[in-house]
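Each remark here refers to the structure printed beneath this line.
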Amino acid sequence: MAGIIVVFDFDKTIIDLDSDNWVVDELGATDLFNQLLPTMPWNSVMDRMMKELHEQGKTIKDIEQVLKRAPVIPRVIPAIKAAHGLGCDLRIVSDANVFYIETILKHVGIHDCFTETNTNPGYVDEEGKLRILPHHDCHGCSYNTCPPNMCKGLVIERIQASLAKEGKKRMIYLGDGAGDFCPTLKLKEEDFVLPRKDFPCWKLINENRDLIKAEIHGWNDGEEQEHILLQIINAITIEEN
């Protein structure tokens, strides 16, 4: 089972919403967020929003409490624990940020299931303010589905390069957004992609099926995600034994 790498997006793949919007909405800053969004990239807007919230007296504790209320997609936690228990190498590739992701994963008890989290840096500065930075400042991705701060395709290529030194590895990628399309294109014939049905990644995959080498399995909800993921893991196990 050590030969199976399962890569999860986070927003709308593990939790059932967008974590950035959730924090902004729950802390009453939606109007300001909507005003700022047309003026700068999303990642930069979130860093600015943390500054504004800090100035309004919102604390890191307030942000943590909001994050702990974020709904996880039903059946995703058991699926992650099962895949981890079967010896799969679980990783996260997300355009959220490390503070949000780690706060939620620790709260729901699955933080230790993951060997790596690839996302935008987030840290608390000396003033007690959360700072959110880009994963990388720029990238040469030719797809306009990737935001300027993070090309998940580049992250997957880096993971693939590191795995190549360890022998044969098969990857299962789960995601929902337009940013999950680029990494899908990096997957090989022996890999699997699990896009959430009727979300942007699913639509892009269906419009560009000839570009996808991996086997495609769509899912609607957590129950279906769990069933498909564990079915694939078990099938690979039987095949390789």
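Each chain of the structure tokens is named A, B, ... in the order shown, its residues numbered from 1; ligands are numbered from 1 in display order.
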Neighbouring residues of His217 (chain A) were defined as those with any atom within 10 Å, considering only C-alpha atoms; residues of the same chain fewer than 2 positions away were excluded. Please report them as a tab-separated table (two decimals) with C-alpha atoms, in the first residue's frame.
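Here's the written file result_2.tsv:
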```
chain	number	residue	atom	x	y	z
A	174	LEU	CA	-9.38	14.41	-5.46
A	192	PHE	CA	-6.88	8.18	-10.98
A	193	VAL	CA	-8.67	11.52	-10.74
A	194	LEU	CA	-11.80	11.95	-8.61
A	195	PRO	CA	-13.44	15.29	-9.47
A	196	ARG	CA	-16.55	16.43	-7.62
A	197	LYS	CA	-19.42	16.28	-10.08
A	202	TRP	CA	-15.52	18.20	-13.43
A	214	ALA	CA	-5.77	9.17	-15.73
A	215	GLU	CA	-8.89	7.13	-15.05
A	219	TRP	CA	-18.41	11.84	-7.05
A	225	GLN	CA	-16.27	9.79	-2.46
A	228	ILE	CA	-14.99	5.18	-4.89
A	229	LEU	CA	-11.73	5.98	-3.10
A	232	ILE	CA	-9.85	2.02	-6.08
```
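If you look at CA of Ile73 (chain A) and CA of Asp16 (chain A), they are 5.0 Å away from each other.
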Exercise for review: Would you list, as a VMD selection string, the residues of region 19-221 of chain A that end up in alpha helix (DSSP H) under DSSP run on this structure's backbone?
Suggested key: chain A and resid 19 to 26 30 to 36 42 to 55 60 to 68 76 to 85 98 to 108 152 to 164 181 to 186 200 to 207
I need the residues from that last selection saved to file as an mmCIF file, in the first residue's frame (with C-alpha atoms), if you can.
```
data_model
loop_
_atom_site.group_PDB
_atom_site.id
_atom_site.type_symbol
_atom_site.label_atom_id
_atom_site.label_comp_id
_atom_site.auth_asym_id
_atom_site.auth_seq_id
_atom_site.Cartn_x
_atom_site.Cartn_y
_atom_site.Cartn_z
ATOM 1 C CA SER A 19 -12.638 28.286 4.010
ATOM 2 C CA ASP A 20 -11.740 31.843 2.970
ATOM 3 C CA ASN A 21 -15.376 32.800 2.395
ATOM 4 C CA TRP A 22 -16.415 31.008 5.583
ATOM 5 C CA VAL A 23 -14.052 33.031 7.784
ATOM 6 C CA VAL A 24 -14.907 36.333 6.111
ATOM 7 C CA ASP A 25 -18.667 35.711 6.285
ATOM 8 C CA GLU A 26 -18.678 34.390 9.860
ATOM 9 C CA THR A 30 -18.360 40.079 3.552
ATOM 10 C CA ASP A 31 -19.092 43.573 2.221
ATOM 11 C CA LEU A 32 -15.491 44.735 2.598
ATOM 12 C CA PHE A 33 -14.253 41.518 0.998
ATOM 13 C CA ASN A 34 -16.541 42.048 -2.014
ATOM 14 C CA GLN A 35 -15.278 45.629 -2.363
ATOM 15 C CA LEU A 36 -11.624 44.575 -2.330
ATOM 16 C CA TRP A 42 -7.696 36.583 -4.132
ATOM 17 C CA ASN A 43 -4.647 35.570 -2.096
ATOM 18 C CA SER A 44 -3.686 39.221 -1.581
ATOM 19 C CA VAL A 45 -7.265 40.108 -0.644
ATOM 20 C CA MET A 46 -7.236 37.462 2.098
ATOM 21 C CA ASP A 47 -4.022 38.857 3.583
ATOM 22 C CA ARG A 48 -5.584 42.335 3.548
ATOM 23 C CA MET A 49 -8.774 40.985 5.135
ATOM 24 C CA MET A 50 -6.789 39.538 8.030
ATOM 25 C CA LYS A 51 -5.292 43.006 8.609
ATOM 26 C CA GLU A 52 -8.741 44.609 8.530
ATOM 27 C CA LEU A 53 -10.221 42.015 10.887
ATOM 28 C CA HIS A 54 -7.305 42.499 13.289
ATOM 29 C CA GLU A 55 -7.933 46.250 13.308
ATOM 30 C CA ILE A 60 -6.621 34.632 16.296
ATOM 31 C CA LYS A 61 -8.855 32.844 18.806
ATOM 32 C CA ASP A 62 -11.913 34.227 17.005
ATOM 33 C CA ILE A 63 -10.592 32.910 13.682
ATOM 34 C CA GLU A 64 -9.821 29.513 15.199
ATOM 35 C CA GLN A 65 -13.324 29.211 16.641
ATOM 36 C CA VAL A 66 -14.853 30.013 13.249
ATOM 37 C CA LEU A 67 -12.644 27.424 11.555
ATOM 38 C CA LYS A 68 -13.617 24.756 14.092
ATOM 39 C CA VAL A 76 -14.764 12.087 4.376
ATOM 40 C CA ILE A 77 -13.150 11.651 7.802
ATOM 41 C CA PRO A 78 -13.784 7.864 7.890
ATOM 42 C CA ALA A 79 -12.513 7.591 4.302
ATOM 43 C CA ILE A 80 -9.286 9.443 5.166
ATOM 44 C CA LYS A 81 -8.751 7.345 8.285
ATOM 45 C CA ALA A 82 -9.376 4.136 6.321
ATOM 46 C CA ALA A 83 -6.968 5.085 3.522
ATOM 47 C CA HIS A 84 -4.351 6.042 6.110
ATOM 48 C CA GLY A 85 -4.917 2.778 7.963
ATOM 49 C CA VAL A 98 -1.697 26.323 6.255
ATOM 50 C CA PHE A 99 -3.233 28.030 9.311
ATOM 51 C CA TYR A 100 -6.814 27.289 8.234
ATOM 52 C CA ILE A 101 -6.064 23.736 7.118
ATOM 53 C CA GLU A 102 -4.060 22.667 10.156
ATOM 54 C CA THR A 103 -6.571 24.221 12.571
ATOM 55 C CA ILE A 104 -9.434 22.247 11.018
ATOM 56 C CA LEU A 105 -7.530 18.981 10.547
ATOM 57 C CA LYS A 106 -6.384 19.004 14.183
ATOM 58 C CA HIS A 107 -9.880 19.830 15.389
ATOM 59 C CA VAL A 108 -11.479 16.881 13.534
ATOM 60 C CA LYS A 152 -1.151 22.888 -8.379
ATOM 61 C CA GLY A 153 0.237 21.274 -11.531
ATOM 62 C CA LEU A 154 3.729 22.382 -10.533
ATOM 63 C CA VAL A 155 3.181 20.951 -7.051
ATOM 64 C CA ILE A 156 2.113 17.595 -8.502
ATOM 65 C CA GLU A 157 5.159 17.550 -10.795
ATOM 66 C CA ARG A 158 7.394 18.124 -7.776
ATOM 67 C CA ILE A 159 5.703 15.285 -5.889
ATOM 68 C CA GLN A 160 6.011 13.005 -8.918
ATOM 69 C CA ALA A 161 9.714 13.794 -9.251
ATOM 70 C CA SER A 162 10.336 12.941 -5.592
ATOM 71 C CA LEU A 163 8.336 9.707 -5.899
ATOM 72 C CA ALA A 164 10.186 8.612 -9.032
ATOM 73 C CA PHE A 181 -7.700 20.862 -13.567
ATOM 74 C CA CYS A 182 -4.000 21.595 -14.172
ATOM 75 C CA PRO A 183 -2.746 18.867 -11.788
ATOM 76 C CA THR A 184 -5.202 16.454 -13.420
ATOM 77 C CA LEU A 185 -3.301 16.944 -16.678
ATOM 78 C CA LYS A 186 -0.072 15.834 -14.978
ATOM 79 C CA PRO A 200 -15.537 23.515 -12.162
ATOM 80 C CA CYS A 201 -12.899 20.750 -12.343
ATOM 81 C CA TRP A 202 -15.518 18.200 -13.431
ATOM 82 C CA LYS A 203 -16.751 20.509 -16.177
ATOM 83 C CA LEU A 204 -13.219 21.245 -17.432
ATOM 84 C CA ILE A 205 -12.369 17.533 -17.477
ATOM 85 C CA ASN A 206 -15.487 16.741 -19.493
ATOM 86 C CA GLU A 207 -14.681 19.510 -21.978
#
```
Review point. Hey, what does DSSP flag as strand (DSSP E or B) within region 7-222 of chain A? Can you give it to me as a ChimeraX atom specification?
Key: /A:7-8,11,15,72,89-97,114-120,122-124,130-132,170-175,192-196,215-216,219
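With only C-alpha atoms as the atoms that count, the residue of A:Pro41, A:Gly28, A:Gly122, A:Pro74 with the shortest distance to Asn220 (chain A) is A:Pro74.
Taking CA of Ile14 (chain A) and CA of Asp210 (chain A) as endpoints, the distance between them is 27.9 Å.
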